[in-house]
$ cat data_24.cif   # mmCIF, C-alpha atoms
data_model
#
loop_
_atom_site.label_atom_id
_atom_site.label_comp_id
_atom_site.auth_asym_id
_atom_site.auth_seq_id
_atom_site.Cartn_x
_atom_site.Cartn_y
_atom_site.Cartn_z
CA MET A 1 0.00 0.00 0.00
CA THR A 2 1.34 3.44 -0.93
CA ASP A 3 1.56 6.32 1.53
CA THR A 4 -1.25 8.11 -0.34
CA GLN A 5 -3.51 5.05 -0.09
CA ALA A 6 -2.69 4.66 3.61
CA ARG A 7 -3.62 8.29 4.30
CA ALA A 8 -6.87 7.93 2.33
CA LEU A 9 -7.75 4.78 4.28
CA GLU A 10 -7.03 6.50 7.60
CA THR A 11 -9.24 9.42 6.54
CA LEU A 12 -12.10 7.03 5.73
CA ARG A 13 -11.74 5.38 9.13
CA ASP A 14 -11.82 8.78 10.86
CA ILE A 15 -14.96 9.78 8.92
CA ASP A 16 -16.56 6.45 9.79
CA ILE A 17 -15.91 6.93 13.52
CA ARG A 18 -17.20 10.51 13.47
CA LEU A 19 -20.40 9.48 11.63
CA HIS A 20 -20.97 6.65 14.10
CA ARG A 21 -20.70 9.06 17.04
CA LEU A 22 -23.00 11.55 15.31
CA PHE A 23 -25.70 8.93 14.73
CA GLU A 24 -25.48 7.75 18.33
CA ALA A 25 -26.01 11.31 19.55
CA VAL A 26 -28.96 11.85 17.19
CA ASP A 27 -30.59 8.56 18.16
CA GLU A 28 -30.26 9.37 21.84
CA ALA A 29 -31.86 12.77 21.29
CA ASP A 30 -34.64 11.17 19.22
CA GLU A 31 -34.37 13.92 16.61
CA THR A 32 -34.26 11.71 13.51
CA THR A 33 -37.06 12.42 11.01
CA ALA A 34 -37.90 9.73 8.45
CA THR A 35 -38.42 11.87 5.36
CA PRO A 36 -37.19 10.95 1.87
CA ALA A 37 -34.99 14.05 1.74
CA ASP A 38 -33.62 13.64 5.26
CA PRO A 39 -29.87 14.34 5.09
CA LEU A 40 -29.33 11.81 7.87
CA THR A 41 -30.62 9.11 5.53
CA THR A 42 -27.93 10.05 3.03
CA LEU A 43 -25.28 10.08 5.75
CA ARG A 44 -26.33 6.68 7.08
CA ARG A 45 -26.16 5.20 3.60
CA ALA A 46 -22.74 6.77 3.06
CA ARG A 47 -21.49 5.25 6.31
CA SER A 48 -22.83 1.84 5.25
CA GLN A 49 -20.89 2.14 2.01
CA ILE A 50 -17.75 3.18 3.89
CA ASP A 51 -18.13 0.15 6.19
CA ALA A 52 -18.36 -2.16 3.19
CA ALA A 53 -15.34 -0.50 1.52
CA LEU A 54 -13.25 -0.78 4.68
CA PHE A 55 -14.23 -4.41 5.13
CA GLU A 56 -13.34 -5.29 1.55
CA HIS A 57 -9.98 -3.55 1.87
CA GLN A 58 -9.29 -5.46 5.09
CA ARG A 59 -10.11 -8.75 3.38
CA ARG A 60 -7.90 -7.92 0.42
CA THR A 61 -4.92 -7.11 2.63
CA ASP A 62 -5.43 -9.82 5.26
CA ASP A 63 -6.62 -12.73 3.11
CA ARG A 64 -4.22 -15.67 3.37
CA THR A 65 -6.41 -18.37 1.85
CA LEU A 66 -4.83 -18.42 -1.60
CA PRO A 67 -2.00 -20.88 -2.21
CA ASP A 68 1.49 -19.54 -2.88
CA ASN A 69 3.05 -22.60 -4.48
CA GLY A 70 2.55 -22.00 -8.17
CA SER A 71 -1.16 -22.81 -8.11
CA CYS A 72 -3.56 -21.19 -10.57
CA VAL A 73 -6.81 -19.80 -9.17
CA LEU A 74 -9.91 -18.73 -11.10
CA GLN A 75 -12.93 -17.37 -9.24
CA TRP A 76 -16.29 -16.24 -10.60
CA ASP A 77 -19.81 -15.43 -9.44
CA PRO A 78 -22.34 -17.29 -11.64
CA PRO A 79 -25.95 -16.06 -11.74
CA CYS A 80 -28.39 -17.62 -9.27
CA THR A 81 -25.78 -19.97 -7.81
CA PRO A 82 -23.03 -19.57 -5.17
CA PRO A 83 -19.60 -18.19 -6.09
CA ARG A 84 -17.21 -20.75 -7.56
CA ARG A 85 -13.45 -21.19 -7.45
CA LEU A 86 -11.25 -23.40 -9.65
CA ILE A 87 -7.75 -24.24 -8.41
CA LEU A 88 -4.99 -26.04 -10.31
CA ASP A 89 -2.24 -27.28 -7.97
CA PRO A 90 1.03 -28.60 -9.47
CA ASP A 91 1.95 -32.00 -8.07
CA ASN A 92 5.42 -32.87 -6.80
CA ASP A 93 6.38 -34.68 -9.99
CA SER A 94 5.78 -31.48 -12.03
CA ASN A 95 3.99 -33.53 -14.69
CA THR A 96 0.49 -33.69 -13.25
CA TRP A 97 -1.82 -31.18 -11.61
CA THR A 98 -4.67 -31.59 -9.13
CA ARG A 99 -7.80 -29.78 -10.27
CA ARG A 100 -10.20 -28.72 -7.51
CA GLU A 101 -13.54 -27.01 -7.97
CA LEU A 102 -14.98 -25.32 -4.89
CA GLU A 103 -18.34 -23.77 -4.05
CA TRP A 104 -18.98 -21.01 -1.50
CA THR A 105 -21.35 -22.11 1.29
CA GLY A 106 -21.80 -18.72 2.93
CA GLU A 107 -19.15 -19.56 5.53
CA SER A 108 -16.31 -21.29 3.69
CA TRP A 109 -15.33 -23.08 0.48
CA ARG A 110 -16.64 -26.61 -0.08
CA ILE A 111 -14.86 -28.95 -2.49
CA CYS A 112 -17.37 -30.25 -5.01
CA GLY A 113 -14.97 -31.81 -7.51
CA ARG A 114 -11.39 -33.07 -7.66
CA ASP A 115 -9.30 -34.94 -10.21
CA SER A 116 -5.80 -35.16 -11.69
CA VAL A 117 -5.00 -33.57 -15.05
CA THR A 118 -1.96 -33.48 -17.32
CA ASP A 119 -0.65 -31.35 -20.18
CA VAL A 120 -1.86 -28.14 -18.54
CA ALA A 121 -1.43 -25.02 -20.69
CA ILE A 122 -2.25 -21.54 -19.40
CA SER A 123 -2.70 -18.28 -21.28
CA ALA A 124 -3.14 -15.00 -19.39
CA PRO A 125 -2.82 -11.27 -20.18
CA ALA A 126 0.72 -9.93 -20.02
CA GLU A 127 -0.53 -7.13 -17.75
CA PRO A 128 -2.84 -7.87 -14.81
CA GLN A 129 -6.43 -7.03 -15.72
CA TYR A 130 -8.37 -8.67 -12.90
CA PRO A 131 -8.21 -8.49 -9.07
CA ASN A 132 -6.83 -11.33 -6.99
CA PRO A 133 -9.51 -13.79 -5.83
CA ILE A 134 -10.78 -13.09 -2.32
CA ASP A 135 -13.39 -14.78 -0.15
CA PRO A 136 -16.91 -13.32 -0.38
CA PRO A 137 -18.28 -11.91 2.90
CA THR A 138 -19.77 -14.61 5.10
CA ILE A 139 -23.48 -14.69 5.89
CA GLU A 140 -22.68 -13.84 9.51
CA THR A 141 -20.69 -10.78 8.44
CA GLN A 142 -23.54 -9.59 6.24
CA LEU A 143 -25.99 -10.09 9.11
CA GLU A 144 -23.80 -7.88 11.29
CA TRP A 145 -24.05 -5.18 8.63
CA ILE A 146 -27.86 -5.10 8.72
CA ARG A 147 -28.42 -5.56 12.46
CA GLU A 148 -29.56 -2.47 14.39
CA THR A 149 -30.37 -0.58 11.18
CA TRP A 150 -34.15 -1.15 11.20
CA THR A 151 -34.69 2.06 13.20
CA HIS A 152 -32.91 4.04 10.48
CA PRO A 153 -35.06 5.93 7.96
CA ASP A 154 -33.90 3.52 5.24
CA PRO A 155 -32.63 0.32 6.89
CA ASP A 156 -30.14 -2.04 5.29
CA VAL A 157 -31.42 -5.49 4.31
CA LEU A 158 -29.96 -8.66 2.83
CA VAL A 159 -31.21 -9.22 -0.72
CA PHE A 160 -31.30 -12.52 -2.64
CA ASP A 161 -31.68 -12.09 -6.40
CA PRO A 162 -34.73 -13.53 -8.18
CA THR A 163 -34.45 -16.62 -10.36
CA ALA A 164 -36.70 -18.14 -13.00
CA THR A 165 -38.82 -19.75 -10.27
CA ILE A 166 -38.15 -17.66 -7.14
CA GLU A 167 -38.98 -13.99 -6.58
CA GLN A 168 -36.55 -11.55 -4.98
CA GLY A 169 -35.99 -12.44 -1.32
CA VAL A 170 -35.39 -9.80 1.36
CA LEU A 171 -34.12 -10.36 4.91
CA GLY A 172 -34.48 -7.65 7.54
CA ALA A 173 -33.35 -7.46 11.16
CA VAL A 174 -36.59 -6.30 12.80
CA ASP A 175 -37.03 -5.86 16.56
CA GLY A 176 -34.16 -8.20 17.34
CA GLU A 177 -35.19 -11.00 14.98
CA LEU A 178 -34.48 -11.90 11.36
CA ARG A 179 -37.50 -11.78 9.05
CA TYR A 180 -37.44 -13.08 5.49
CA ARG A 181 -39.98 -12.43 2.77
CA GLU A 182 -40.14 -12.95 -0.97
CA ALA A 183 -41.76 -10.41 -3.24
CA ASP A 184 -44.76 -12.63 -4.03
CA SER A 185 -45.16 -14.14 -0.55
CA PRO A 186 -48.31 -13.40 1.48
CA GLN A 187 -46.32 -13.19 4.73
CA TRP A 188 -42.86 -12.97 6.24
CA VAL A 189 -41.21 -15.81 8.14
CA THR A 190 -38.87 -15.67 11.12
CA VAL A 191 -35.39 -17.07 10.47
CA THR A 192 -33.91 -18.77 13.53
CA ASP A 193 -31.40 -21.04 11.80
CA GLU A 194 -28.72 -19.66 9.50
CA ALA A 195 -28.82 -22.96 7.60
CA ALA A 196 -32.01 -21.62 6.01
CA LEU A 197 -30.01 -18.70 4.62
CA SER A 198 -27.43 -21.12 3.22
CA HIS A 199 -30.30 -22.81 1.38
CA HIS A 200 -31.30 -19.50 -0.20
CA LEU A 201 -27.66 -18.90 -1.18
CA GLN A 202 -27.57 -22.28 -2.92
CA GLU A 203 -30.81 -21.49 -4.77
CA GLN A 204 -30.29 -17.79 -5.55
CA GLY A 205 -26.58 -17.05 -5.25
CA GLN A 206 -24.57 -14.77 -2.98
CA PRO A 207 -26.82 -12.11 -1.37
CA THR A 208 -25.98 -8.40 -1.22
CA VAL A 209 -26.64 -5.70 1.37
CA GLN A 210 -28.92 -2.95 0.03
CA PRO A 211 -31.15 -0.19 1.42
CA LEU A 212 -34.74 -1.39 1.82
CA SER A 213 -35.92 1.39 -0.51
CA GLU A 214 -34.05 -0.26 -3.40
CA THR A 215 -36.04 -3.49 -3.07
CA SER A 216 -39.63 -4.31 -4.05
CA LEU A 217 -40.75 -4.43 -0.39
CA THR A 218 -41.42 -1.83 2.33
CA ARG A 219 -41.43 -1.73 6.13
CA GLN A 220 -45.11 -2.72 6.15
CA HIS A 221 -44.22 -6.06 4.59
CA PHE A 222 -42.23 -7.00 7.71
CA THR A 223 -44.08 -5.43 10.63
CA PRO A 224 -47.59 -6.98 10.72
CA SER A 225 -48.05 -10.34 12.42
CA PRO A 226 -47.62 -13.17 9.89
CA LEU A 227 -50.82 -14.67 11.34
CA THR A 228 -52.83 -11.73 10.03
CA ARG A 229 -51.35 -11.55 6.56
#
$ encode --input "data_24.cif" --output "C-alpha cells"
Amino acid sequence: MTDTQARALETLRDIDIRLHRLFEAVDEADETTATPADPLTTLRRARSQIDAALFEHQRRTDDRTLPDNGSCVLQWDPPCTPPRRLILDPDNDSNTWTRRELEWTGESWRICGRDSVTDVAISAPAEPQYPNPIDPPTIETQLEWIRETWTHPDPDVLVFDPTATIEQGVLGAVDGELRYREADSPQWVTVTDEAALSHHLQEQGQPTVQPLSETSLTRQHFTPSPLTR
C-alpha cells in the first residue's frame, strides 16, 4: 500500500468513527425524522458504504487463503448460484496437476470436484487485468451489517436475487429477529437457523446488502403479524 492510499484509508476510518458518534447522539436525542430528503438518511447510507469498503480492503490485505506454491486460481460469481473457485495445484512430480472445484457455502469453500489432469497449458494477459480472488463476505458478516439498522429511515437489508422460479428475497433485522420475505409471498417468516439462509444462497446465489428502498418491499411487509397476513 502506498503512503497516499494509507492516508486515504485512515481518513475514511476517521470519517466512519465521526459518523458513528454523530448517529449515536442523534438517536439518543430522538431527533431523527424519516423523510425521503432527510440528510441523515444520506449520511447513514454513506457510512454503510464506507463500512463495506473498509471491510473489503481489510479482506484484500489480510486474506491468506490463496495458495502460494505456483497454483492457478480462477474465481467467478455465476448467476443464481453460489460463487465458484477453480484451483490447479502442481503436483510434486511437475507432470500432473490436481484440479479442484470449490463452491462457496456462505461460511467457507466446499470442495465439489477433484481430479488429476496433465498437459496443462495456461494463457493469461501480459498485464494484470483482474483483481486477486478473495473470499466473499460470510453470511454472519452480512448479518452484522444489517443488524440495528431497522430504526434508520432507510434500513439495510440482505437481498437474494430472483431466479426463473423464485422472486426476490429480502431479509431484515426487525425488533431483534431476522424476518425473510419474498416479493410474491403473502407473509414474512422468522429465520432462527442460518442454515435456512445457506439454502437461499444455494438457490439464488450470494446475497448483497442494500437499502430497503431499493427493493420491491417496504417496512409494512415485515411489521404486521404473519398470522394476520
$ atom_distance --input "data_24.cif" --atom1 "CA of Ser94 in chain A" --atom2 "CA of Val120 in chain A"
10.6 Å
$ resolve_selection --input "data_24.cif" --expression "the PyMOL selection byres ((chain A and resi 111-115) around 12)" --output "ChimeraX atom specification"
/A:84-89,91,96-105,108-110,116-118
$ resolve_selection --input "data_24.cif" --expression "the PyMOL selection byres ((chain A and resi 212) around 6)" --output "list in words"
Pro155, Asp156, Val157, Pro211, Ser213, Glu214 and Thr215 of chain A
$ resolve_selection --input "data_24.cif" --expression "the PyMOL selection byres ((chain A and resi 194) around 10)" --output "list of chain:residue names"
A:Gly106, A:Ile139, A:Glu140, A:Leu143, A:Leu178, A:Val191, A:Thr192, A:Asp193, A:Ala195, A:Ala196, A:Leu197, A:Ser198, A:His199
$ write_last_selection --input "data_24.cif" --atoms "C-alpha atoms" --output "compact mmCIF listing (two decimals), in the frame of the given file"
# COMPACT_ATOMS: atom_id res chain seq x y z
CA GLY A 106 -21.80 -18.72 2.93
CA ILE A 139 -23.48 -14.69 5.89
CA GLU A 140 -22.68 -13.84 9.51
CA LEU A 143 -25.99 -10.09 9.11
CA LEU A 178 -34.48 -11.90 11.36
CA VAL A 191 -35.39 -17.07 10.47
CA THR A 192 -33.91 -18.77 13.53
CA ASP A 193 -31.40 -21.04 11.80
CA ALA A 195 -28.82 -22.96 7.60
CA ALA A 196 -32.01 -21.62 6.01
CA LEU A 197 -30.01 -18.70 4.62
CA SER A 198 -27.43 -21.12 3.22
CA HIS A 199 -30.30 -22.81 1.38
$ atom_distance --input "data_24.cif" --atom1 "CA of Glu177 in chain A" --atom2 "CA of His20 in chain A"
22.7 Å
$ atom_distance --input "data_24.cif" --atom1 "CA of Thr138 in chain A" --atom2 "CA of Asp154 in chain A"
23.0 Å
$ residues_near_point --input "data_24.cif" --point "(-30.2, -9.7, 5.4)" --cutoff "9 Å" --atoms "all atoms listed in the file" --output "PDB file with C-alpha atoms, in the coordinates of the input"
ATOM      1  CA  ILE A 139     -23.480 -14.690   5.890  1.00  0.00           C
ATOM      2  CA  GLN A 142     -23.540  -9.590   6.240  1.00  0.00           C
ATOM      3  CA  LEU A 143     -25.990 -10.090   9.110  1.00  0.00           C
ATOM      4  CA  GLU A 144     -23.800  -7.880  11.290  1.00  0.00           C
ATOM      5  CA  TRP A 145     -24.050  -5.180   8.630  1.00  0.00           C
ATOM      6  CA  ILE A 146     -27.860  -5.100   8.720  1.00  0.00           C
ATOM      7  CA  ARG A 147     -28.420  -5.560  12.460  1.00  0.00           C
ATOM      8  CA  ASP A 156     -30.140  -2.040   5.290  1.00  0.00           C
ATOM      9  CA  VAL A 157     -31.420  -5.490   4.310  1.00  0.00           C
ATOM     10  CA  LEU A 158     -29.960  -8.660   2.830  1.00  0.00           C
ATOM     11  CA  VAL A 159     -31.210  -9.220  -0.720  1.00  0.00           C
ATOM     12  CA  PHE A 160     -31.300 -12.520  -2.640  1.00  0.00           C
ATOM     13  CA  VAL A 170     -35.390  -9.800   1.360  1.00  0.00           C
ATOM     14  CA  LEU A 171     -34.120 -10.360   4.910  1.00  0.00           C
ATOM     15  CA  GLY A 172     -34.480  -7.650   7.540  1.00  0.00           C
ATOM     16  CA  ALA A 173     -33.350  -7.460  11.160  1.00  0.00           C
ATOM     17  CA  LEU A 178     -34.480 -11.900  11.360  1.00  0.00           C
ATOM     18  CA  ARG A 179     -37.500 -11.780   9.050  1.00  0.00           C
ATOM     19  CA  TYR A 180     -37.440 -13.080   5.490  1.00  0.00           C
ATOM     20  CA  PRO A 207     -26.820 -12.110  -1.370  1.00  0.00           C
ATOM     21  CA  THR A 208     -25.980  -8.400  -1.220  1.00  0.00           C
ATOM     22  CA  VAL A 209     -26.640  -5.700   1.370  1.00  0.00           C
ATOM     23  CA  GLN A 210     -28.920  -2.950   0.030  1.00  0.00           C
TER      24      GLN A 210
END
$ closest_residue --input "data_24.cif" --among "A:Gln75, A:Pro136, A:Leu217, A:Pro90" --to "Asp119 in chain A" --atoms "all atoms listed in the file"
A:Pro90
$ closest_residue --input "data_24.cif" --among "A:Pro83, A:Gln206, A:Arg219, A:Ile15" --to "Ile134 in chain A" --atoms "only C-alpha atoms"
A:Pro83
$ closest_residue --input "data_24.cif" --among "A:Pro224, A:Gly70, A:Pro82, A:Pro133" --to "His200 in chain A" --atoms "all atoms listed in the file"
A:Pro82
$ closest_residue --input "data_24.cif" --among "A:Gly205, A:Asp93, A:Pro137, A:Thr218" --to "Glu182 in chain A" --atoms "all atoms listed in the file"
A:Thr218
$ axis_aligned_box --input "data_24.cif" --around "range 113-128 of chain A" --padding-each-side "5 Å" --output "lines of an AutoDock Vina configuration file"
center_x = -7.1
center_y = -21.1
center_z = -14.4
size_x = 25.7
size_y = 38.0
size_z = 23.8
